[in-house]
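Source file: input-v2.tsv. Holds: TSV, C-alpha atoms and all ligand atoms.
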chain	number	residue	atom	x	y	z
A	1	GLU	CA	-20.54	101.82	172.86
A	2	LYS	CA	-17.78	102.47	175.33
A	3	ASP	CA	-16.29	105.94	175.71
A	4	ALA	CA	-12.64	106.23	174.70
A	5	PRO	CA	-10.46	106.18	177.82
A	6	LEU	CA	-9.48	109.63	179.01
A	7	THR	CA	-5.87	110.64	178.47
A	8	GLN	CA	-4.03	111.91	181.53
A	9	GLN	CA	-4.24	115.43	180.13
A	10	ASP	CA	-8.01	115.12	179.69
A	11	LYS	CA	-8.32	113.77	183.21
A	12	TYR	CA	-6.51	116.81	184.66
A	13	LYS	CA	-8.51	119.20	182.48
A	14	GLU	CA	-11.69	117.65	183.79
A	15	ILE	CA	-10.51	117.95	187.40
A	16	MET	CA	-9.59	121.59	186.97
A	17	SER	CA	-12.91	122.55	185.40
A	18	SER	CA	-14.32	122.58	188.94
A	19	PHE	CA	-11.59	124.91	190.26
A	20	PRO	CA	-12.21	128.67	190.72
A	21	ARG	CA	-11.46	130.46	187.46
A	22	ARG	CA	-10.58	134.04	186.46
A	23	ASP	CA	-10.48	135.41	182.94
A	24	ASP	CA	-8.66	138.64	183.67
A	25	TRP	CA	-5.63	137.90	181.52
A	26	VAL	CA	-8.00	137.38	178.58
A	27	VAL	CA	-5.63	135.27	176.45
A	28	GLN	CA	-6.12	132.27	178.70
A	29	PRO	CA	-8.09	131.66	181.88
A	30	LEU	CA	-6.40	131.19	185.25
A	31	TYR	CA	-7.45	128.38	187.58
A	32	GLN	CA	-6.94	128.40	191.34
A	33	TYR	CA	-5.39	125.40	193.00
A	34	GLN	CA	-3.88	125.12	196.48
A	35	GLY	CA	-4.02	128.89	196.88
A	36	PHE	CA	-2.32	129.84	193.59
A	37	TRP	CA	-3.51	130.81	190.08
A	38	TYR	CA	-2.31	128.93	187.00
A	39	PHE	CA	-2.67	128.95	183.27
A	40	GLN	CA	-4.08	125.63	182.16
A	41	VAL	CA	-0.92	124.22	180.62
A	42	TYR	CA	1.00	124.79	183.85
A	43	LEU	CA	-1.72	123.36	186.03
A	44	VAL	CA	-2.00	120.20	183.93
A	45	GLY	CA	1.77	119.84	184.30
A	46	LEU	CA	1.67	120.53	188.00
A	47	LEU	CA	-1.01	117.91	188.64
A	48	ALA	CA	0.94	115.40	186.55
A	49	ALA	CA	4.16	116.25	188.40
A	50	GLN	CA	2.47	115.87	191.79
A	51	GLU	CA	1.26	112.45	190.75
A	52	ASN	CA	4.21	111.11	188.78
A	53	PHE	CA	7.46	112.93	189.37
A	54	ARG	CA	10.22	110.91	191.01
A	55	PRO	CA	13.46	112.80	191.48
A	56	GLN	CA	16.83	111.26	190.80
A	57	PRO	CA	19.13	110.96	193.78
A	58	TYR	CA	21.04	114.24	194.29
A	59	ASP	CA	18.64	116.22	192.12
A	60	ILE	CA	18.75	119.97	192.57
A	61	VAL	CA	15.52	121.80	191.81
A	62	LEU	CA	15.79	125.33	190.40
A	63	CYS	CA	12.69	127.22	191.51
A	64	THR	CA	11.43	130.57	190.26
A	65	TYR	CA	8.35	132.64	189.74
A	66	PRO	CA	8.00	133.01	185.94
A	67	LYS	CA	10.11	135.86	184.46
A	68	SER	CA	12.39	136.08	187.50
A	69	GLY	CA	15.53	134.90	185.70
A	70	THR	CA	14.88	131.17	185.25
A	71	THR	CA	16.85	131.05	182.00
A	72	TRP	CA	19.88	132.64	183.65
A	73	LEU	CA	19.70	130.37	186.70
A	74	LYS	CA	19.39	127.29	184.48
A	75	ALA	CA	22.45	128.33	182.48
A	76	LEU	CA	24.55	129.08	185.56
A	77	ALA	CA	23.61	125.89	187.41
A	78	TYR	CA	24.17	123.81	184.28
A	79	ALA	CA	27.56	125.38	183.60
A	80	ILE	CA	28.61	124.81	187.22
A	81	VAL	CA	27.49	121.18	187.33
A	82	THR	CA	28.96	120.21	183.95
A	83	ARG	CA	32.23	122.14	184.07
A	84	SER	CA	34.43	119.12	184.56
A	85	ARG	CA	32.64	117.06	181.89
A	86	PHE	CA	33.12	119.47	179.02
A	87	SER	CA	35.93	121.68	177.85
A	88	ASP	CA	35.19	125.39	177.54
A	89	PHE	CA	34.56	124.95	173.82
A	90	GLU	CA	32.17	122.03	173.96
A	91	ASN	CA	29.74	122.93	176.71
A	92	PRO	CA	26.22	122.16	175.42
A	93	LEU	CA	25.18	125.65	176.49
A	94	LEU	CA	27.03	126.88	173.41
A	95	THR	CA	24.78	124.93	171.08
A	96	LYS	CA	21.54	124.33	173.02
A	97	ALA	CA	19.15	126.77	174.67
A	98	PRO	CA	19.28	126.73	178.51
A	99	HIS	CA	15.70	125.42	178.56
A	100	ASP	CA	16.81	122.44	176.48
A	101	CYS	CA	19.69	121.79	178.89
A	102	VAL	CA	17.58	121.80	182.07
A	103	PRO	CA	14.03	120.42	181.79
A	104	PHE	CA	10.99	121.93	183.48
A	105	LEU	CA	9.32	119.72	186.02
A	106	GLU	CA	5.80	120.68	184.96
A	107	ILE	CA	6.47	120.81	181.22
A	108	ASP	CA	9.05	118.25	180.14
A	109	ALA	CA	9.59	115.97	183.12
A	110	ALA	CA	5.91	115.65	183.96
A	111	ARG	CA	4.98	114.75	180.41
A	112	ASN	CA	7.63	112.14	180.18
A	113	VAL	CA	9.29	110.99	183.36
A	114	CYS	CA	12.15	109.51	181.36
A	115	ASN	CA	12.79	112.86	179.76
A	116	ARG	CA	15.94	113.39	181.82
A	117	ASP	CA	19.64	113.21	181.24
A	118	GLN	CA	20.55	110.89	184.10
A	119	GLU	CA	23.96	112.51	184.42
A	120	ILE	CA	22.64	116.02	184.99
A	121	PRO	CA	20.95	116.32	188.39
A	122	LEU	CA	19.00	119.46	187.52
A	123	VAL	CA	15.34	120.18	187.01
A	124	ALA	CA	13.51	123.53	187.09
A	125	THR	CA	10.05	124.54	188.20
A	126	HIS	CA	7.68	127.46	188.74
A	127	ILE	CA	5.61	125.46	191.25
A	128	PRO	CA	5.16	127.21	194.63
A	129	TYR	CA	6.94	125.60	197.58
A	130	ASN	CA	3.85	124.13	199.25
A	131	SER	CA	2.63	122.51	196.04
A	132	LEU	CA	5.89	120.79	195.07
A	133	PRO	CA	5.49	117.04	194.54
A	134	THR	CA	5.89	115.36	197.93
A	135	SER	CA	8.51	113.09	196.34
A	136	ILE	CA	10.84	116.10	196.31
A	137	SER	CA	10.70	116.78	200.05
A	138	GLU	CA	10.78	113.06	200.81
A	139	SER	CA	13.98	112.61	198.83
A	140	GLY	CA	15.68	115.59	200.48
A	141	CYS	CA	16.51	117.28	197.16
A	142	LYS	CA	18.21	120.65	197.41
A	143	LEU	CA	16.24	123.63	196.14
A	144	VAL	CA	17.53	126.91	194.75
A	145	TYR	CA	15.10	129.83	194.59
A	146	LEU	CA	15.72	132.94	192.54
A	147	CYS	CA	13.40	135.90	192.97
A	148	ARG	CA	13.30	139.36	191.38
A	149	ASP	CA	11.88	142.81	191.97
A	150	PRO	CA	8.16	142.30	191.34
A	151	LYS	CA	7.93	145.48	189.25
A	152	ASP	CA	10.38	144.08	186.72
A	153	VAL	CA	8.76	140.64	186.92
A	154	LEU	CA	5.41	142.16	186.05
A	155	MET	CA	6.84	144.11	183.10
A	156	SER	CA	8.71	141.08	181.83
A	157	MET	CA	5.56	138.98	182.08
A	158	TRP	CA	3.48	141.64	180.37
A	159	HIS	CA	5.86	141.69	177.40
A	160	PHE	CA	6.03	137.92	177.31
A	161	LEU	CA	2.25	137.42	177.29
A	162	ARG	CA	1.77	140.15	174.68
A	163	GLY	CA	4.29	138.32	172.57
A	164	LYS	CA	1.92	135.36	172.60
A	165	LEU	CA	-0.83	137.37	170.91
A	166	PRO	CA	-1.11	137.08	167.13
A	167	GLU	CA	0.41	139.92	165.09
A	168	GLY	CA	-1.87	142.55	163.67
A	169	ILE	CA	-4.43	142.66	166.48
A	170	ASP	CA	-4.91	145.48	168.97
A	171	LYS	CA	-2.75	144.10	171.78
A	172	ASP	CA	-3.93	146.74	174.27
A	173	ALA	CA	-7.44	145.43	173.94
A	174	TYR	CA	-6.20	142.08	175.22
A	175	ILE	CA	-3.31	142.78	177.54
A	176	ASN	CA	-3.50	146.32	178.74
A	177	LEU	CA	-0.77	147.62	181.03
A	178	ASN	CA	-2.93	149.30	183.68
A	179	HIS	CA	-5.22	146.33	183.93
A	180	SER	CA	-2.30	143.90	184.17
A	181	PHE	CA	-0.86	146.05	186.94
A	182	GLU	CA	-4.13	146.03	188.88
A	183	ILE	CA	-4.68	142.30	188.76
A	184	PHE	CA	-1.04	141.54	189.57
A	185	CYS	CA	-1.46	143.73	192.67
A	186	GLU	CA	-4.55	141.69	193.54
A	187	GLY	CA	-2.49	138.51	193.34
A	188	ILE	CA	-4.17	137.30	190.16
A	189	SER	CA	-1.31	136.26	187.87
A	190	GLY	CA	0.15	133.02	186.55
A	191	ASN	CA	1.65	131.17	189.56
A	192	GLY	CA	0.59	134.10	191.75
A	193	PRO	CA	0.04	135.71	194.19
A	194	TYR	CA	3.64	136.72	193.59
A	195	TRP	CA	4.31	137.47	197.28
A	196	ASP	CA	3.05	134.07	198.40
A	197	HIS	CA	5.37	132.39	195.90
A	198	VAL	CA	8.34	134.29	197.36
A	199	LEU	CA	7.22	133.77	200.96
A	200	GLY	CA	6.90	130.00	200.61
A	201	TYR	CA	10.51	129.61	199.51
A	202	TRP	CA	11.81	132.34	201.81
A	203	LYS	CA	10.34	130.64	204.89
A	204	ALA	CA	11.69	127.26	203.76
A	205	SER	CA	15.15	128.77	203.31
A	206	VAL	CA	15.07	130.24	206.82
A	207	LYS	CA	13.90	126.94	208.29
A	208	SER	CA	16.30	124.72	206.33
A	209	PRO	CA	19.17	126.78	204.93
A	210	GLU	CA	21.09	123.64	203.98
A	211	GLU	CA	18.17	122.51	201.80
A	212	VAL	CA	16.96	125.77	200.28
A	213	LEU	CA	19.18	128.53	198.89
A	214	PHE	CA	17.42	131.87	198.38
A	215	LEU	CA	18.90	134.18	195.73
A	216	VAL	CA	17.85	137.57	194.38
A	217	TYR	CA	18.17	138.58	190.70
A	218	GLU	CA	19.31	142.11	191.54
A	219	ASP	CA	22.10	140.76	193.81
A	220	LEU	CA	23.11	138.28	191.15
A	221	LYS	CA	23.39	141.19	188.70
A	222	LYS	CA	25.39	143.32	191.14
A	223	ASP	CA	27.90	140.68	192.18
A	224	THR	CA	27.60	137.71	189.88
A	225	VAL	CA	30.92	136.11	190.84
A	226	PHE	CA	30.12	136.11	194.56
A	227	ASN	CA	26.66	134.64	194.02
A	228	VAL	CA	27.85	132.05	191.52
A	229	LYS	CA	30.39	130.81	194.06
A	230	LYS	CA	27.66	130.66	196.67
A	231	LEU	CA	25.44	128.73	194.26
A	232	ALA	CA	28.20	126.26	193.38
A	233	GLU	CA	29.04	125.66	197.01
A	234	PHE	CA	25.40	125.13	197.97
A	235	MET	CA	24.81	122.70	195.10
A	236	GLY	CA	27.80	120.64	196.23
A	237	TYR	CA	30.08	121.68	193.34
A	238	PRO	CA	32.38	124.24	195.01
A	239	PHE	CA	35.17	125.83	193.00
A	240	THR	CA	38.64	124.75	194.06
A	241	PRO	CA	41.29	127.44	194.71
A	242	GLU	CA	43.01	126.14	191.60
A	243	GLU	CA	39.86	126.67	189.51
A	244	GLU	CA	39.50	130.15	190.91
A	245	ARG	CA	43.09	130.94	189.93
A	246	ARG	CA	42.43	129.65	186.41
A	247	GLY	CA	39.44	132.00	186.09
A	248	VAL	CA	36.83	129.25	185.85
A	249	VAL	CA	34.26	131.25	187.83
A	250	GLN	CA	34.61	134.28	185.59
A	251	HIS	CA	34.40	132.06	182.54
A	252	ILE	CA	31.05	130.67	183.70
A	253	VAL	CA	29.78	134.14	184.52
A	254	ASP	CA	30.78	135.35	181.04
A	255	LEU	CA	29.34	132.33	179.26
A	256	CYS	CA	25.98	132.81	181.00
A	257	SER	CA	25.78	136.58	180.70
A	258	PHE	CA	22.75	138.02	178.95
A	259	ASP	CA	24.73	139.21	175.91
A	260	SER	CA	26.69	136.02	175.55
A	261	LEU	CA	23.65	133.73	175.67
A	262	ARG	CA	21.44	135.99	173.62
A	263	ASN	CA	23.94	136.08	170.77
A	264	LEU	CA	24.36	132.33	170.46
A	265	LYS	CA	22.76	130.78	167.42
A	266	ALA	CA	20.80	128.32	169.58
A	267	ASN	CA	19.11	131.19	171.39
A	268	LYS	CA	18.62	133.41	168.37
A	269	SER	CA	16.62	130.74	166.64
A	270	GLY	CA	14.68	127.65	167.55
A	271	VAL	CA	11.74	127.02	169.83
A	272	TYR	CA	11.41	125.59	173.28
A	273	SER	CA	9.19	122.52	173.61
A	274	PRO	CA	7.96	122.46	169.97
A	275	ASP	CA	5.60	119.51	170.44
A	276	SER	CA	3.90	120.62	173.65
A	277	PRO	CA	1.14	123.16	174.28
A	278	PHE	CA	3.88	125.38	175.70
A	279	THR	CA	5.85	126.49	172.66
A	280	VAL	CA	8.05	129.55	172.99
A	281	GLN	CA	10.60	131.09	170.61
A	282	ASN	CA	13.97	130.97	172.34
A	283	THR	CA	14.46	134.67	171.59
A	284	GLU	CA	11.50	135.43	173.87
A	285	PHE	CA	13.54	134.40	176.91
A	286	PHE	CA	16.02	137.20	176.22
A	287	ARG	CA	14.46	140.64	176.19
A	288	LYS	CA	16.56	143.26	178.04
A	289	GLY	CA	17.96	141.48	181.08
A	290	ILE	CA	18.34	144.64	183.16
A	291	THR	CA	17.04	145.88	186.50
A	292	GLY	CA	14.60	148.77	186.75
A	293	ASP	CA	13.13	148.57	183.24
A	294	TRP	CA	9.67	148.99	184.82
A	295	LYS	CA	10.38	152.74	185.00
A	296	ASN	CA	9.99	152.90	181.24
A	297	TYR	CA	6.42	151.65	181.49
A	298	PHE	CA	4.72	152.73	184.67
A	299	ASN	CA	5.09	155.80	186.85
A	300	GLU	CA	6.71	156.25	190.28
A	301	GLU	CA	3.33	156.31	191.97
A	302	MET	CA	2.37	152.90	190.60
A	303	GLY	CA	5.81	151.57	191.52
A	304	ALA	CA	5.40	152.84	195.08
A	305	HIS	CA	1.94	151.30	195.26
A	306	LEU	CA	3.18	147.84	194.28
A	307	ASP	CA	6.18	148.21	196.61
A	308	GLN	CA	3.85	149.00	199.47
A	309	ILE	CA	1.68	145.95	198.81
A	310	ILE	CA	4.73	143.70	198.68
A	311	GLU	CA	6.20	145.29	201.82
A	312	GLU	CA	2.98	144.64	203.73
A	313	LYS	CA	2.69	141.08	202.50
A	314	LEU	CA	6.31	140.28	203.39
A	315	SER	CA	6.32	142.18	206.67
A	316	GLY	CA	7.57	140.17	209.60
A	317	SER	CA	9.15	137.55	207.33
A	318	GLY	CA	12.67	138.99	207.56
A	319	PHE	CA	12.87	139.45	203.77
A	320	SER	CA	12.23	142.59	201.76
A	321	PHE	CA	13.10	143.73	198.25
B	1	LIG	P1	13.31	141.04	180.91
B	1	LIG	O1	12.02	140.72	180.23
B	1	LIG	O2	13.15	142.05	182.01
B	1	LIG	O3	14.40	141.42	179.98
B	1	LIG	P2	12.70	133.84	182.80
B	1	LIG	O4	13.98	133.27	182.35
B	1	LIG	O5	12.34	133.48	184.21
B	1	LIG	O6	11.61	133.62	181.82
B	1	LIG	O7	12.92	135.41	182.91
B	1	LIG	C1	13.15	136.16	181.77
B	1	LIG	C2	13.84	137.45	182.17
B	1	LIG	O8	15.22	137.17	182.46
B	1	LIG	C3	13.84	138.44	181.02
B	1	LIG	O9	13.81	139.72	181.64
B	1	LIG	C4	15.17	138.13	180.37
B	1	LIG	O10	15.66	139.17	179.55
B	1	LIG	C5	16.05	137.91	181.58
B	1	LIG	N1	17.26	137.13	181.30
B	1	LIG	C6	17.40	136.08	180.47
B	1	LIG	N2	18.66	135.65	180.44
B	1	LIG	C7	19.36	136.45	181.28
B	1	LIG	C8	20.74	136.51	181.66
B	1	LIG	N3	21.63	135.67	181.18
B	1	LIG	N4	21.10	137.46	182.55
B	1	LIG	C9	20.19	138.33	183.04
B	1	LIG	N5	18.89	138.33	182.71
B	1	LIG	C10	18.47	137.40	181.84
Turn the structure described in the file into structure tokens.
Amino acid sequence: EKDAPLTQQDKYKEIMSSFPRRDDWVVQPLYQYQGFWYFQVYLVGLLAAQENFRPQPYDIVLCTYPKSGTTWLKALAYAIVTRSRFSDFENPLLTKAPHDCVPFLEIDAARNVCNRDQEIPLVATHIPYNSLPTSISESGCKLVYLCRDPKDVLMSMWHFLRGKLPEGIDKDAYINLNHSFEIFCEGISGNGPYWDHVLGYWKASVKSPEEVLFLVYEDLKKDTVFNVKKLAEFMGYPFTPEEERRGVVQHIVDLCSFDSLRNLKANKSGVYSPDSPFTVQNTEFFRKGITGDWKNYFNEEMGAHLDQIIEEKLSGSGFSF
């Protein structure tokens, strides 16, 4: 009797079973591929994206390390790109979660290449620069990278992964803060090492500034208007002086602010990607949305330790946090 043909997912799972594996994050193993560690669902998506993804002409790829502000970047880019298609009262961001407005390359687009709104040239990814599907560099797509203070990224990730644990169990036994800190510092984290993720995009942005825009969450917080204008200009959707006079930039900034998005019905309820292995409550993408929250969880000494590691890893690159 013939074996049933392997599905694509099974094929990728079989391939990755030979990759180096770490079980430090307990909930799910991490697999190493092309120098980075991935949870299985991401790696299956990455392999599928490398094999199948074909960008649309003029696509802009929004790239982030997980928990660096992807949701915010998706909302801002989407609002910028669609501002002349919709009136202020009918923008889909008011009724759909940002993750349903801009698909993820390795979740939605990889699973179904047709899963795109042809009119919206945006796709997002957590894939590191050197592992992006070659079709992206071949087509000359523009890339936007948003990075964030690693201490806040780690805390955000820690909360997020704990949220994935079932209620009523001893969460510290599974995702303990000190242990998470140690392995993050070792570079063992989903899509990590964190510093290599940042470095890949930083170097690309230095080499080809017209192709890669490098943004920082803390700067975006400090001067959102300035950075939103920069983003719009880079993406090829600059604001006209007339739009600026009418307050269009401020409107987009307000629409995409943490409080505004968090309080919309679409983000207070509903789930992202309900029929995939990557199901997340939309509320989980909106926790605090501030800078420096790490201070409420680990001490100055630990903060300094992680800072020092990052400083060493980034030294000589021209970028520092
Ligand atoms: P915290 O957990 O520190 O609050 P991602 O979107 O990459 O998953 O990142 C999630 C982080 O971005 C969370 O950080 C979340 O609260 C924050 N965030 C979500 N929307 C935001 C917004 N509009 N402005 C600022 N931060 C936002």
Exercise. Please identify every polymer residue within 10 Å of ligand LIG 1 (chain B), using only C-alpha atoms and all ligand atoms, and present the set as a count of residues only.
Key: 57
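Shortest atom-to-atom contact with A:Val81 among A:Gly247, A:Phe214, A:Ser273, A:Gly236: A:Gly236, counting only C-alpha atoms.
Minimum distance to A:Asp196 across A:Asp59, A:Glu312, A:Asp23, A:Glu242 (counting all atoms listed in the file) occurs at A:Glu312.
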What are the closest atom pairs, with distances in Å to one decimal, for each residue of stretch 93-147 of chain A lying within 12 Å of stretch 28-35 of chain A, using only C-alpha atoms, rows by chain and rising residue number, as JSON lines?
{"residue": "A:Ile127", "atom": "CA", "partner": "A:Gln34", "partner_atom": "CA", "distance": 10.8}
{"residue": "A:Pro128", "atom": "CA", "partner": "A:Gln34", "partner_atom": "CA", "distance": 9.5}
{"residue": "A:Tyr129", "atom": "CA", "partner": "A:Gln34", "partner_atom": "CA", "distance": 10.9}
{"residue": "A:Asn130", "atom": "CA", "partner": "A:Gln34", "partner_atom": "CA", "distance": 8.3}
{"residue": "A:Ser131", "atom": "CA", "partner": "A:Gln34", "partner_atom": "CA", "distance": 7.0}
{"residue": "A:Leu132", "atom": "CA", "partner": "A:Gln34", "partner_atom": "CA", "distance": 10.8}
Quiz item: atom CA of A:Leu213 and atom CA of A:Val144, how far apart in Å?
Solution: 4.7 Å
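Put simply, atom CA of A:Pro150 is 29.5 Å away from atom CA of A:Ser17.
The spacing separating atom CA of A:Tyr201 from atom CA of A:Gly303 amounts to 23.8 Å.
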Quiz item: Which is closer to A:Leu143 than all the others in A:Asn91, A:Ser18, A:Ser189, A:Ser205, using only C-alpha atoms?
Solution: A:Ser205
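Here the question is which of A:Ile188, A:Val228, A:Ala304, A:Ala204 gets nearest to A:Arg22 using only C-alpha atoms, and that residue is A:Ile188.
Residue nearest A:Ala232 within the list A:Ala48, A:Ala97, A:Val248, A:Ile175: A:Val248 [criterion: smallest interatomic distance, only C-alpha atoms].
Nearest-residue note for A:Gly318: choosing from A:Val123, A:Leu199, A:Gly190, A:Arg54, the minimum distance belongs to A:Leu199, counting only C-alpha atoms.
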Quiz prompt | Exercise: A:Ile183 partners within 10 Å, only C-alpha atoms, chain neighbours under 6 positions left out, as an NGL selection string | solution = :A and (24-25 or 189 or 193)
Quiz prompt | Who sits within 8 Å of A:Pro121, all atoms listed in the file, same chain under 2 positions skipped, as a PyMOL selection string | solution = chain A and resi 56-60+117-119+123
Practice problem: Write out as a VMD selection string each polymer residue whose atoms come within 9 Å of A:Gln8, counting all atoms listed in the file; drop sequence neighbours fewer than 4 positions from it. | Solution: chain A and resid 12 to 13 44 48
